[in-house]
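Everything below belongs to target11.cif, which stores mmCIF, C-alpha atoms and all ligand atoms.
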data_protein
#
loop_
_atom_site.label_atom_id
_atom_site.label_comp_id
_atom_site.auth_asym_id
_atom_site.auth_seq_id
_atom_site.Cartn_x
_atom_site.Cartn_y
_atom_site.Cartn_z
CA MET A 1 -19.72 -21.93 19.41
CA LYS A 2 -16.25 -22.92 18.25
CA GLU A 3 -13.20 -21.79 20.20
CA PHE A 4 -9.87 -20.90 18.55
CA ASP A 5 -6.52 -19.80 19.96
CA TYR A 6 -6.22 -17.06 17.34
CA ILE A 7 -8.76 -15.28 15.16
CA ILE A 8 -7.85 -13.12 12.16
CA LEU A 9 -10.62 -10.71 11.18
CA GLY A 10 -10.31 -9.96 7.46
CA GLY A 11 -8.43 -12.33 5.17
CA GLY A 12 -6.91 -9.74 2.85
CA CYS A 13 -3.28 -8.76 2.50
CA ALA A 14 -2.51 -8.38 6.22
CA GLY A 15 -4.67 -11.27 7.47
CA LEU A 16 -3.30 -13.74 4.92
CA SER A 17 0.30 -12.52 5.26
CA LEU A 18 0.11 -13.09 9.01
CA ALA A 19 -1.51 -16.52 8.67
CA TYR A 20 1.15 -17.52 6.12
CA GLU A 21 4.02 -16.30 8.31
CA LEU A 22 2.62 -18.13 11.37
CA ASP A 23 2.12 -21.32 9.37
CA ILE A 24 5.54 -21.48 7.67
CA ASN A 25 7.19 -20.82 11.02
CA LYS A 26 5.30 -23.77 12.53
CA LYS A 27 3.41 -21.64 15.05
CA LEU A 28 0.11 -23.33 14.16
CA GLU A 29 1.06 -26.96 14.79
CA ASP A 30 -0.59 -27.05 18.20
CA LYS A 31 -2.64 -23.85 17.99
CA THR A 32 -5.87 -23.21 16.10
CA LEU A 33 -6.66 -20.26 13.85
CA ALA A 34 -9.95 -18.97 12.42
CA ILE A 35 -9.84 -16.52 9.51
CA VAL A 36 -13.03 -14.49 9.07
CA GLU A 37 -13.44 -13.15 5.56
CA THR A 38 -16.58 -12.02 3.74
CA ARG A 39 -15.45 -12.36 0.12
CA ASP A 40 -16.79 -15.30 -1.92
CA GLU A 41 -13.75 -15.75 -4.12
CA TYR A 42 -10.17 -14.59 -4.30
CA LYS A 43 -9.00 -13.08 -7.58
CA ARG A 44 -6.55 -10.35 -8.58
CA ASP A 45 -7.96 -7.11 -7.16
CA LYS A 46 -4.83 -5.14 -6.28
CA THR A 47 -1.35 -4.61 -7.62
CA TRP A 48 1.12 -4.06 -4.78
CA SER A 49 4.34 -2.20 -5.53
CA PHE A 50 7.19 -1.11 -3.29
CA TRP A 51 10.96 -0.79 -3.11
CA LYS A 52 12.32 -4.05 -1.82
CA VAL A 53 14.34 -2.75 1.10
CA ASN A 54 14.13 -6.05 2.92
CA ASP A 55 13.17 -9.66 2.25
CA HIS A 56 9.60 -10.94 2.12
CA ASN A 57 7.90 -14.25 1.29
CA PHE A 58 6.42 -13.33 -2.07
CA ASP A 59 9.21 -12.95 -4.65
CA ASP A 60 7.48 -15.64 -6.71
CA CYS A 61 4.35 -13.44 -7.00
CA VAL A 62 6.27 -10.54 -8.57
CA ILE A 63 5.02 -9.51 -12.03
CA LYS A 64 8.06 -7.37 -12.74
CA SER A 65 10.77 -5.39 -11.02
CA TRP A 66 12.68 -2.30 -12.15
CA SER A 67 15.76 -0.39 -11.11
CA ASN A 68 15.21 3.05 -12.62
CA PHE A 69 12.26 5.38 -12.64
CA SER A 70 11.21 8.84 -13.76
CA ILE A 71 9.19 11.73 -12.34
CA ASN A 72 7.70 14.46 -14.50
CA SER A 73 5.95 17.72 -14.03
CA ASN A 74 4.91 20.31 -16.59
CA PHE A 75 8.23 22.10 -16.12
CA GLU A 76 10.73 19.27 -15.73
CA SER A 77 11.44 15.59 -16.14
CA HIS A 78 13.86 13.71 -13.92
CA GLU A 79 15.26 10.19 -14.23
CA VAL A 80 16.46 8.37 -11.14
CA VAL A 81 19.11 5.69 -11.51
CA ASN A 82 18.67 3.31 -8.62
CA ASN A 83 20.92 0.28 -8.40
CA GLU A 84 20.32 -0.45 -4.74
CA TYR A 85 16.71 -1.49 -4.17
CA PRO A 86 14.52 -3.02 -6.90
CA TYR A 87 10.98 -1.69 -7.22
CA GLN A 88 8.77 -4.77 -7.26
CA THR A 89 5.15 -5.23 -8.34
CA ILE A 90 3.15 -8.10 -6.91
CA ASP A 91 0.06 -9.63 -8.51
CA SER A 92 -2.46 -10.06 -5.67
CA GLY A 93 -4.03 -12.98 -7.57
CA LEU A 94 -0.76 -14.94 -7.36
CA PHE A 95 -0.36 -13.91 -3.72
CA TYR A 96 -3.83 -15.20 -2.75
CA LYS A 97 -3.24 -18.47 -4.62
CA LYS A 98 0.12 -19.10 -2.99
CA VAL A 99 -1.12 -18.34 0.55
CA LEU A 100 -4.37 -20.30 0.25
CA ASN A 101 -2.52 -23.35 -1.15
CA GLN A 102 -0.25 -23.27 1.86
CA LEU A 103 -2.98 -22.68 4.47
CA LYS A 104 -5.30 -25.43 3.23
CA LYS A 105 -2.66 -28.04 4.15
CA ASN A 106 -3.04 -27.15 7.83
CA LYS A 107 -6.07 -28.71 9.54
CA ASN A 108 -5.78 -26.20 12.41
CA ILE A 109 -6.81 -23.32 10.14
CA GLN A 110 -10.45 -22.72 9.24
CA PHE A 111 -12.16 -20.01 7.19
CA PHE A 112 -15.51 -18.42 8.16
CA LYS A 113 -17.73 -15.86 6.43
CA ASN A 114 -18.68 -14.15 9.70
CA THR A 115 -18.25 -14.55 13.45
CA ASP A 116 -21.67 -16.13 14.11
CA LEU A 117 -20.27 -19.59 14.77
CA ILE A 118 -17.12 -18.68 16.66
CA SER A 119 -16.53 -17.45 20.17
CA LEU A 120 -14.43 -14.28 20.36
CA ASN A 121 -14.10 -14.34 24.13
CA ASN A 122 -11.06 -16.49 24.80
CA SER A 123 -9.08 -15.97 21.60
CA PHE A 124 -6.34 -13.56 20.67
CA ILE A 125 -7.65 -11.41 17.82
CA PHE A 126 -5.78 -9.87 14.89
CA ASN A 127 -8.08 -7.34 13.28
CA SER A 128 -7.66 -5.93 9.76
CA ILE A 129 -11.18 -4.55 9.37
CA MET A 130 -11.33 -0.77 9.19
CA PRO A 131 -13.61 0.96 11.71
CA LYS A 132 -16.90 2.23 10.30
CA GLU A 133 -16.42 5.94 11.13
CA ASN A 134 -16.95 8.47 8.38
CA TYR A 135 -13.49 9.63 7.35
CA GLN A 136 -14.45 11.47 4.16
CA THR A 137 -12.92 14.76 5.25
CA ASN A 138 -9.54 13.13 5.95
CA LEU A 139 -6.86 12.86 3.29
CA TRP A 140 -6.85 9.78 1.08
CA GLN A 141 -4.80 8.48 -1.80
CA HIS A 142 -7.55 7.42 -4.19
CA PHE A 143 -7.07 6.04 -7.64
CA LYS A 144 -8.09 3.87 -10.53
CA GLY A 145 -5.66 1.81 -12.57
CA ILE A 146 -6.07 -0.11 -15.81
CA GLU A 147 -3.72 -2.64 -17.30
CA ILE A 148 -3.68 -2.00 -21.04
CA GLU A 149 -2.30 -4.05 -23.92
CA THR A 150 -1.35 -2.50 -27.25
CA PRO A 151 -0.99 -4.22 -30.65
CA LYS A 152 2.43 -2.59 -31.15
CA ASP A 153 5.44 -2.38 -28.82
CA ILE A 154 5.22 1.07 -27.24
CA PHE A 155 6.58 1.05 -23.70
CA ASP A 156 10.15 1.14 -22.48
CA GLU A 157 9.91 -1.73 -20.01
CA GLU A 158 13.26 -0.87 -18.40
CA ILE A 159 12.02 2.25 -16.60
CA PHE A 160 8.75 3.01 -14.81
CA ASN A 161 7.14 6.36 -14.21
CA LEU A 162 6.54 6.96 -10.51
CA MET A 163 4.70 10.26 -10.87
CA ASP A 164 3.64 12.36 -13.81
CA PHE A 165 2.21 15.63 -12.52
CA ASN A 166 1.75 17.00 -16.01
CA CYS A 167 -2.04 16.82 -15.76
CA ASP A 168 -5.12 18.57 -14.47
CA GLN A 169 -4.65 19.31 -10.71
CA ARG A 170 -8.09 20.80 -9.81
CA ASP A 171 -6.61 22.46 -6.68
CA ASN A 172 -5.52 19.09 -5.32
CA VAL A 173 -2.52 16.84 -5.93
CA HIS A 174 -2.89 14.61 -8.96
CA PHE A 175 -0.48 12.41 -10.87
CA PHE A 176 -0.38 9.44 -13.21
CA TYR A 177 1.71 6.34 -12.47
CA THR A 178 2.82 3.95 -15.22
CA LEU A 179 4.26 0.49 -14.69
CA PRO A 180 5.37 -1.07 -18.00
CA PHE A 181 5.15 -4.84 -17.52
CA ALA A 182 6.17 -5.51 -21.14
CA LYS A 183 6.78 -3.51 -24.32
CA ASN A 184 3.05 -3.76 -25.07
CA LYS A 185 1.54 -3.97 -21.60
CA ALA A 186 1.37 -1.46 -18.74
CA LEU A 187 -0.63 -0.59 -15.65
CA ILE A 188 -1.59 3.08 -15.75
CA GLU A 189 -3.14 4.71 -12.70
CA THR A 190 -4.70 8.09 -12.11
CA THR A 191 -3.95 9.00 -8.50
CA TRP A 192 -5.29 11.82 -6.30
CA LEU A 193 -4.17 12.95 -2.86
CA SER A 194 -7.28 14.65 -1.51
CA LYS A 195 -10.30 14.48 0.75
CA MET A 196 -13.10 12.20 -0.40
CA ASP A 197 -16.07 14.40 0.45
CA GLY A 198 -17.30 14.87 -3.10
CA LYS A 199 -17.33 13.12 -6.43
CA SER A 200 -15.69 15.89 -8.47
CA LEU A 201 -12.42 13.93 -8.87
CA ASN A 202 -13.99 10.56 -9.56
CA ASP A 203 -14.21 10.72 -13.34
CA TYR A 204 -11.27 8.32 -13.37
CA ASP A 205 -12.18 6.68 -16.70
CA ILE A 206 -12.21 10.01 -18.53
CA GLN A 207 -8.90 11.01 -16.90
CA LEU A 208 -7.28 7.72 -17.92
CA GLU A 209 -8.54 7.82 -21.48
CA LYS A 210 -7.38 11.41 -21.93
CA TYR A 211 -3.93 10.64 -20.50
CA ILE A 212 -3.45 7.51 -22.60
CA LYS A 213 -4.63 9.12 -25.84
CA GLN A 214 -3.27 12.66 -25.47
CA THR A 215 -0.16 12.35 -23.29
CA LEU A 216 1.06 8.83 -24.05
CA LYS A 217 -0.30 9.14 -27.61
CA ILE A 218 -1.67 5.60 -27.63
CA LYS A 219 -4.74 5.35 -29.84
CA ASN A 220 -5.27 1.63 -29.95
CA TYR A 221 -5.39 -0.50 -26.80
CA LYS A 222 -7.47 -3.01 -24.90
CA ILE A 223 -8.04 -3.15 -21.15
CA ASN A 224 -7.05 -6.45 -19.52
CA TYR A 225 -7.62 -5.61 -15.88
CA GLN A 226 -8.76 -2.75 -13.66
CA GLU A 227 -8.45 -1.82 -10.01
CA GLN A 228 -9.79 1.04 -7.96
CA GLY A 229 -9.15 1.94 -4.36
CA ALA A 230 -8.53 4.43 -1.63
CA ILE A 231 -5.70 4.24 0.88
CA PRO A 232 -6.20 6.18 4.13
CA LEU A 233 -3.49 8.81 4.70
CA PHE A 234 -4.37 8.86 8.42
CA TYR A 235 -4.42 6.36 11.22
CA PRO A 236 -7.90 4.94 11.80
CA LEU A 237 -9.15 5.16 15.35
CA ASN A 238 -9.35 1.53 16.32
CA LYS A 239 -10.00 0.85 19.99
CA THR A 240 -7.09 -0.75 21.86
CA GLU A 241 -8.19 -3.90 23.62
CA LYS A 242 -6.29 -6.35 25.76
CA ASN A 243 -6.62 -9.40 23.53
CA LYS A 244 -6.52 -7.67 20.19
CA ILE A 245 -3.92 -6.27 17.79
CA ASN A 246 -4.90 -4.27 14.72
CA ILE A 247 -3.02 -5.19 11.57
CA GLY A 248 -2.79 -3.92 8.00
CA SER A 249 -4.22 -0.51 7.11
CA ALA A 250 -6.49 -0.76 10.16
CA GLY A 251 -3.36 -1.21 12.28
CA GLY A 252 -1.48 1.86 11.06
CA MET A 253 0.78 0.01 8.61
CA THR A 254 0.30 2.60 5.86
CA ARG A 255 3.06 5.14 5.43
CA LEU A 256 1.09 8.38 5.47
CA SER A 257 3.19 10.33 2.97
CA THR A 258 3.19 7.61 0.32
CA GLY A 259 0.40 5.09 0.93
CA TYR A 260 2.96 2.24 0.84
CA THR A 261 1.68 -0.52 3.11
CA PHE A 262 2.59 -3.94 1.66
CA LEU A 263 6.13 -4.26 3.00
CA ASN A 264 5.15 -2.82 6.40
CA ILE A 265 2.49 -5.53 6.62
CA GLN A 266 5.17 -8.15 5.96
CA ASP A 267 7.44 -6.70 8.68
CA HIS A 268 4.53 -6.55 11.12
CA SER A 269 3.62 -10.20 10.38
CA LYS A 270 7.22 -11.25 11.08
CA TYR A 271 7.23 -9.26 14.34
CA ILE A 272 3.98 -10.84 15.54
CA THR A 273 5.15 -14.33 14.57
CA HIS A 274 8.46 -13.84 16.37
CA ASN A 275 6.61 -12.80 19.55
CA ILE A 276 3.52 -14.99 19.25
CA GLU A 277 4.20 -17.07 22.38
CA LYS A 278 4.20 -13.90 24.54
CA ILE A 279 1.94 -11.78 22.35
CA GLN A 280 -0.16 -10.40 25.24
CA ASN A 281 2.92 -8.72 26.72
CA THR A 282 4.60 -7.65 23.50
CA LYS A 283 5.12 -3.97 22.72
CA THR A 284 2.91 -2.55 19.96
CA TYR A 285 4.68 -2.47 16.60
CA HIS A 286 5.02 0.98 14.98
CA ILE A 287 6.35 2.03 11.60
CA GLY A 288 8.27 4.69 13.53
CA LYS A 289 7.22 7.73 15.53
CA LYS A 290 9.61 10.02 13.60
CA TYR A 291 7.91 9.10 10.30
CA GLU A 292 4.51 9.75 11.84
CA PHE A 293 5.68 13.22 12.94
CA LEU A 294 7.39 14.11 9.65
CA ASP A 295 4.57 12.71 7.50
CA ASN A 296 1.96 14.73 9.36
CA ILE A 297 3.89 17.92 8.61
CA PHE A 298 4.28 16.79 4.99
CA LEU A 299 0.52 16.20 4.71
CA ASN A 300 -0.22 19.62 6.22
CA VAL A 301 1.99 21.16 3.54
CA LEU A 302 0.17 19.08 0.94
CA LYS A 303 -3.26 20.20 2.21
CA ASN A 304 -2.33 23.88 2.37
CA ASN A 305 -0.07 24.12 -0.69
CA PRO A 306 -1.13 21.49 -3.24
CA ASP A 307 0.37 23.58 -6.06
CA LYS A 308 3.85 23.26 -4.51
CA MET A 309 3.84 19.47 -4.34
CA PRO A 310 5.12 18.56 -7.84
CA LYS A 311 8.26 20.65 -7.21
CA ILE A 312 8.66 19.24 -3.67
CA PHE A 313 8.47 15.63 -4.92
CA LEU A 314 10.86 16.36 -7.80
CA ASN A 315 13.40 17.98 -5.49
CA MET A 316 13.19 15.13 -3.03
CA PHE A 317 14.23 12.67 -5.74
CA LYS A 318 17.12 14.82 -6.92
CA GLY A 319 19.31 13.71 -4.02
CA SER A 320 20.79 10.27 -3.44
CA PRO A 321 18.22 7.68 -4.60
CA LYS A 322 19.32 5.33 -1.82
CA THR A 323 18.55 7.98 0.83
CA VAL A 324 15.12 8.86 -0.57
CA ILE A 325 14.09 5.24 -1.02
CA LYS A 326 15.20 4.34 2.51
CA PHE A 327 13.33 7.36 3.87
CA LEU A 328 10.12 6.55 1.98
CA SER A 329 10.40 2.91 3.06
CA ASN A 330 10.94 3.88 6.70
CA LYS A 331 14.46 2.49 6.89
CA SER A 332 16.46 5.74 7.04
CA ASN A 333 18.92 6.79 9.74
CA ILE A 334 19.03 10.25 11.31
CA PHE A 335 21.60 11.58 8.78
CA GLU A 336 19.46 10.39 5.89
CA ASP A 337 16.38 12.01 7.49
CA LEU A 338 18.29 15.27 7.75
CA GLY A 339 19.33 14.99 4.10
CA ILE A 340 15.65 14.80 3.12
CA ILE A 341 14.49 17.53 5.50
CA LEU A 342 17.11 19.94 4.14
CA LYS A 343 15.76 19.44 0.61
CA MET A 344 12.32 20.73 1.65
CA PRO A 345 11.33 24.41 1.39
CA LYS A 346 12.07 25.43 4.97
CA TRP A 347 9.53 28.19 5.61
CA THR A 348 6.68 26.26 4.03
CA PHE A 349 7.41 23.32 6.31
CA ILE A 350 8.03 25.35 9.47
CA LYS A 351 4.68 27.14 8.98
CA ASN A 352 2.95 23.76 8.82
CA ILE A 353 4.42 22.22 11.95
CA PHE A 354 1.68 23.68 14.14
C1 LIG B 1 -6.29 -1.15 -5.31
C2 LIG B 1 -5.20 -0.97 -4.27
C3 LIG B 1 -3.86 -0.93 -4.65
C4 LIG B 1 -2.85 -0.77 -3.69
N1 LIG B 1 -1.55 -0.72 -4.09
C5 LIG B 1 -0.57 -0.64 -3.15
C6 LIG B 1 0.79 -0.65 -3.55
O1 LIG B 1 1.11 -0.61 -4.74
N2 LIG B 1 1.75 -0.69 -2.59
C7 LIG B 1 1.44 -0.70 -1.24
O2 LIG B 1 2.33 -0.78 -0.42
N3 LIG B 1 0.14 -0.62 -0.86
C8 LIG B 1 -0.85 -0.61 -1.76
N4 LIG B 1 -2.17 -0.57 -1.36
C9 LIG B 1 -2.43 -0.36 0.08
C10 LIG B 1 -2.42 -1.67 0.88
O3 LIG B 1 -1.22 -2.39 0.65
C11 LIG B 1 -3.58 -2.55 0.55
O4 LIG B 1 -4.77 -1.87 0.77
C12 LIG B 1 -3.58 -3.83 1.36
O5 LIG B 1 -4.51 -4.69 0.74
C13 LIG B 1 -3.96 -3.57 2.82
O6 LIG B 1 -4.12 -4.79 3.46
P1 LIG B 1 -5.23 -4.99 4.57
O7 LIG B 1 -5.18 -6.41 4.95
O8 LIG B 1 -5.11 -3.94 5.58
O9 LIG B 1 -6.60 -4.70 3.82
P2 LIG B 1 -7.32 -5.63 2.75
O10 LIG B 1 -6.31 -6.29 1.90
O11 LIG B 1 -8.35 -4.79 2.11
O12 LIG B 1 -7.99 -6.76 3.65
C14 LIG B 1 -9.10 -6.52 4.46
C15 LIG B 1 -10.02 -7.74 4.29
O13 LIG B 1 -11.08 -7.65 5.21
C16 LIG B 1 -12.25 -8.14 4.56
N5 LIG B 1 -13.39 -7.59 5.31
C17 LIG B 1 -13.86 -6.33 5.31
N6 LIG B 1 -14.91 -6.22 6.16
C18 LIG B 1 -15.08 -7.43 6.72
C19 LIG B 1 -15.98 -7.94 7.70
N7 LIG B 1 -16.90 -7.17 8.28
N8 LIG B 1 -15.87 -9.24 8.05
C20 LIG B 1 -14.92 -10.02 7.48
N9 LIG B 1 -14.03 -9.61 6.56
C21 LIG B 1 -14.11 -8.31 6.19
C22 LIG B 1 -12.13 -7.65 3.14
O14 LIG B 1 -12.91 -8.42 2.25
C23 LIG B 1 -10.62 -7.83 2.90
O15 LIG B 1 -10.32 -9.08 2.33
C24 LIG B 1 -3.19 -0.66 -2.30
C25 LIG B 1 -4.54 -0.64 -1.96
C26 LIG B 1 -5.53 -0.78 -2.91
C27 LIG B 1 -6.97 -0.73 -2.46
#
Represent the structure contained in this file as structure tokens.
Ligand SMILES: Cc1cc2nc3c(=O)[nH]c(=O)nc-3n(C[C@H](O)[C@H](O)[C@H](O)COP(=O)(O)OP(=O)(O)OC[C@H]3O[C@@H](n4cnc5c(N)ncnc54)[C@H](O)[C@@H]3O)c2cc1C
Amino acid sequence: MKEFDYIILGGGCAGLSLAYELDINKKLEDKTLAIVETRDEYKRDKTWSFWKVNDHNFDDCVIKSWSNFSINSNFESHEVVNNEYPYQTIDSGLFYKKVLNQLKKNKNIQFFKNTDLISLNNSFIFNSIMPKENYQTNLWQHFKGIEIETPKDIFDEEIFNLMDFNCDQRDNVHFFYTLPFAKNKALIETTWLSKMDGKSLNDYDIQLEKYIKQTLKIKNYKINYQEQGAIPLFYPLNKTEKNKINIGSAGGMTRLSTGYTFLNIQDHSKYITHNIEKIQNTKTYHIGKKYEFLDNIFLNVLKNNPDKMPKIFLNMFKGSPKTVIKFLSNKSNIFEDLGIILKMPKWTFIKNIF
């Protein structure tokens, strides 16, 4: 059995971000790291977007960034002018390539398909593998996206559409999300906020085709790439152990009200790297207890009043864009939090606190 100082379980976004951060900060010159990952090959499988509220290592993996965005419902359309924080989209294929090129230069890092050949007893473990429990009755953000290319220039590439609620809701919360990468190329996603205990919402291909043909009025297009996924809008119950830290979605890095995880993973990787020499005695990293509290109320409202959500989201974005973006990216101060809370329908939220 091989012994390592550190073991990362799961070489996806969180595992690779952490390994990269440790490596570029020279924390693996006299320490060894095993990365355990089941996949056979790395290729683009996700498109990570977020408001860039702080620096990260992957600006060179950005497909495109935008300032302004829109939100629509069947009763209103709202454009948000945002000059403060760019909204960036990262190509996971470029991310994997960049990280793996860096890691392969370090002889102290080894990849494994499983843990059969390595000893887990004396290592410090960073785990990004989700526990196996059945979480179907919890809330998820589940979606399918396709990147389409059209023969003619159709899209306004200067503005992206964050949420278009003008679609079939089926007693849940449903919106489309459009990222125009070029005048003739865009990623279009059908997104649901719901439980995952049935298949009644999973006709993603039909939903996408209908939206592209009937709402966007695009008749002629080809599909270049597709992605499908489900982001947990709850914290998975991972056991706390002395020599183990959970990272990524498994480590509570997903913002429950939005599903945004990528930038939190980067912040968590920096925090771990900064404290790596005394990691056993370092305080657990949290996105923020106040966001956990507020997001849980928000999700209760969402569960009990799905029909109210388009209006709630629209109202939220009618205030200062800087405040909303900071709030959704967990960087807001108490005054900004209050600004957001006051925009919410008070009785609906008070009823859902308990
Ligand atoms: C399609 C998609 C799009 C997303 N888009 C966004 C976005 O726009 N913005 C945002 O902020 N967040 C987004 N997310 C959420 C989040 O950022 C990603 O899920 C991110 O990849 C989470 O990183 P992770 O390391 O926790 O999980 P993953 O990246 O999934 O990594 C987990 C790794 O563990 C491996 N693994 C699983 N089981 C085992 C095992 N038993 N042994 C060894 N290895 C194992 C998997 O192969 C995988 O590589 C998206 C998620 C998905 C699925």
- Item | Nearest to ligand LIG 1 (chain B) by atom-to-atom distance, counting all atoms listed in the file, from A:Met253, A:Cys61, A:Leu103, A:Leu294 |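 Nearest to ligand LIG 1 (chain B): A:Met253.
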Using only the atoms of ligand LIG 1 (chain B) listed in the file, plus 5 Å on each side, state the axis-aligned box centre and edge lengths in Å rounded to one decimal, as JSON.
{"center_x": -7.3, "center_y": -5.2, "center_z": 1.5, "size_x": 29.2, "size_y": 19.7, "size_z": 23.6}
- Query: Interatomic distance between atom C20 of ligand LIG 1 (chain B) and CA of Lys113 (chain A)?
  - Reply: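 Pair atom C20 of ligand LIG 1 (chain B) / CA of Lys113 (chain A) returns 6.6 Å.
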Report the closest atom pair, with its distance in Å rounded to one decimal, for each residue of region 52-164 of chain A that has an atom no farther than 10 Å from region 199-215 of chain A; count all atoms listed in the file, sort by chain and then rising residue number, and write it as JSON lines.
{"residue": "A:His142", "atom": "CA", "partner": "A:Asn202", "partner_atom": "CA", "distance": 9.0}
{"residue": "A:Phe143", "atom": "CA", "partner": "A:Tyr204", "partner_atom": "CA", "distance": 7.5}
{"residue": "A:Lys144", "atom": "CA", "partner": "A:Tyr204", "partner_atom": "CA", "distance": 6.2}
{"residue": "A:Gly145", "atom": "CA", "partner": "A:Leu208", "partner_atom": "CA", "distance": 8.1}
{"residue": "A:Ile146", "atom": "CA", "partner": "A:Leu208", "partner_atom": "CA", "distance": 8.2}
{"residue": "A:Ile148", "atom": "CA", "partner": "A:Ile212", "partner_atom": "CA", "distance": 9.6}
Would you save the residues of that selection, restricted to C-alpha atoms, as a PDB file, keeping the file's coordinate frame?
ATOM      1  CA  HIS A 142      -7.550   7.420  -4.190  1.00  0.00           C
ATOM      2  CA  PHE A 143      -7.070   6.040  -7.640  1.00  0.00           C
ATOM      3  CA  LYS A 144      -8.090   3.870 -10.530  1.00  0.00           C
ATOM      4  CA  GLY A 145      -5.660   1.810 -12.570  1.00  0.00           C
ATOM      5  CA  ILE A 146      -6.070  -0.110 -15.810  1.00  0.00           C
ATOM      6  CA  ILE A 148      -3.680  -2.000 -21.040  1.00  0.00           C
TER       7      ILE A 148
END
- Task: Could you pull out the residues sitting within 8 Å of ligand LIG 1 (chain B), using only C-alpha atoms and all ligand atoms, and write them as an MDAnalysis selection string?
- Result: chainID A and resid 9:16 36:39 45:50 89 113:115 128:130 143:145 227:231 247:251 253:254 259:265
- Two-atom distance - CA of His286 (chain A), CA of His268 (chain A) (Å):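 Straight-line distance from CA of His286 (chain A) to CA of His268 (chain A) works out to 8.5 Å.
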- Task: Considering only C-alpha atoms, return as a PyMOL selection string whatever protein or nucleic-acid residues lie within 8 Å of region 67-70 of chain A, sequence-local ones (same chain, fewer than 5 positions apart) excluded.
- Result: chain A and resi 77-87+158-163
- What is the distance, in Å and to one decimal place, between CA of Ser194 (chain A) and CA of Lys303 (chain A)?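 A separation of 7.8 Å between them.
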- Message: For a quick check of understanding, using all atoms listed in the file, which of A:Ile118, A:Leu302, A:Met316, A:Leu233 has the smallest distance to Leu139 (chain A)?
- Response: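 Selected residue with least distance to Leu139 (chain A): A:Leu233.
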- Item | Among listed residues A:Ile63, A:Ile297, A:Ile341, A:Leu18, nearest Ser92 (chain A) (using only C-alpha atoms) |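 Comparing A:Ile63, A:Ile297, A:Ile341, A:Leu18 against Ser92 (chain A), the winner is A:Ile63.
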- Task: List every protein, DNA or RNA residue with an atom no more than 10 Å from (-3.0, -22.9, 3.8) in the file's coordinates, counting only C-alpha atoms, and format the result as a PyMOL selection string.
- Result: chain A and resi 16+19-20+23-24+97-110
Complete the atom set of region 32-44 of chain A to N, CA and C atoms and return it as a short mmCIF file (atom, residue, chain, number, x, y, z; two decimals), in the coordinates of the input.
data_model
loop_
_atom_site.label_atom_id
_atom_site.label_comp_id
_atom_site.auth_asym_id
_atom_site.auth_seq_id
_atom_site.Cartn_x
_atom_site.Cartn_y
_atom_site.Cartn_z
N THR A 32 -4.85 -23.28 17.14
CA THR A 32 -5.87 -23.21 16.10
C THR A 32 -6.10 -21.76 15.67
N LEU A 33 -6.46 -21.60 14.40
CA LEU A 33 -6.66 -20.26 13.85
C LEU A 33 -7.94 -20.22 13.02
N ALA A 34 -8.78 -19.21 13.28
CA ALA A 34 -9.95 -18.97 12.42
C ALA A 34 -9.69 -17.68 11.63
N ILE A 35 -9.96 -17.73 10.32
CA ILE A 35 -9.84 -16.52 9.51
C ILE A 35 -11.26 -16.15 9.07
N VAL A 36 -11.67 -14.93 9.41
CA VAL A 36 -13.03 -14.49 9.07
C VAL A 36 -12.94 -13.54 7.89
N GLU A 37 -13.54 -13.94 6.79
CA GLU A 37 -13.44 -13.15 5.56
C GLU A 37 -14.76 -13.22 4.81
N THR A 38 -15.26 -12.06 4.39
CA THR A 38 -16.58 -12.02 3.74
C THR A 38 -16.56 -12.37 2.25
N ARG A 39 -15.41 -12.20 1.59
CA ARG A 39 -15.45 -12.36 0.12
C ARG A 39 -15.74 -13.80 -0.28
N ASP A 40 -16.43 -13.97 -1.43
CA ASP A 40 -16.79 -15.30 -1.92
C ASP A 40 -15.64 -15.95 -2.66
N GLU A 41 -14.87 -15.14 -3.38
CA GLU A 41 -13.75 -15.75 -4.12
C GLU A 41 -12.56 -14.79 -4.10
N TYR A 42 -11.39 -15.39 -4.24
CA TYR A 42 -10.17 -14.59 -4.30
C TYR A 42 -9.73 -14.49 -5.75
N LYS A 43 -9.60 -13.27 -6.26
CA LYS A 43 -9.00 -13.08 -7.58
C LYS A 43 -8.20 -11.77 -7.55
N ARG A 44 -7.39 -11.56 -8.57
CA ARG A 44 -6.55 -10.35 -8.58
C ARG A 44 -7.44 -9.12 -8.42
#
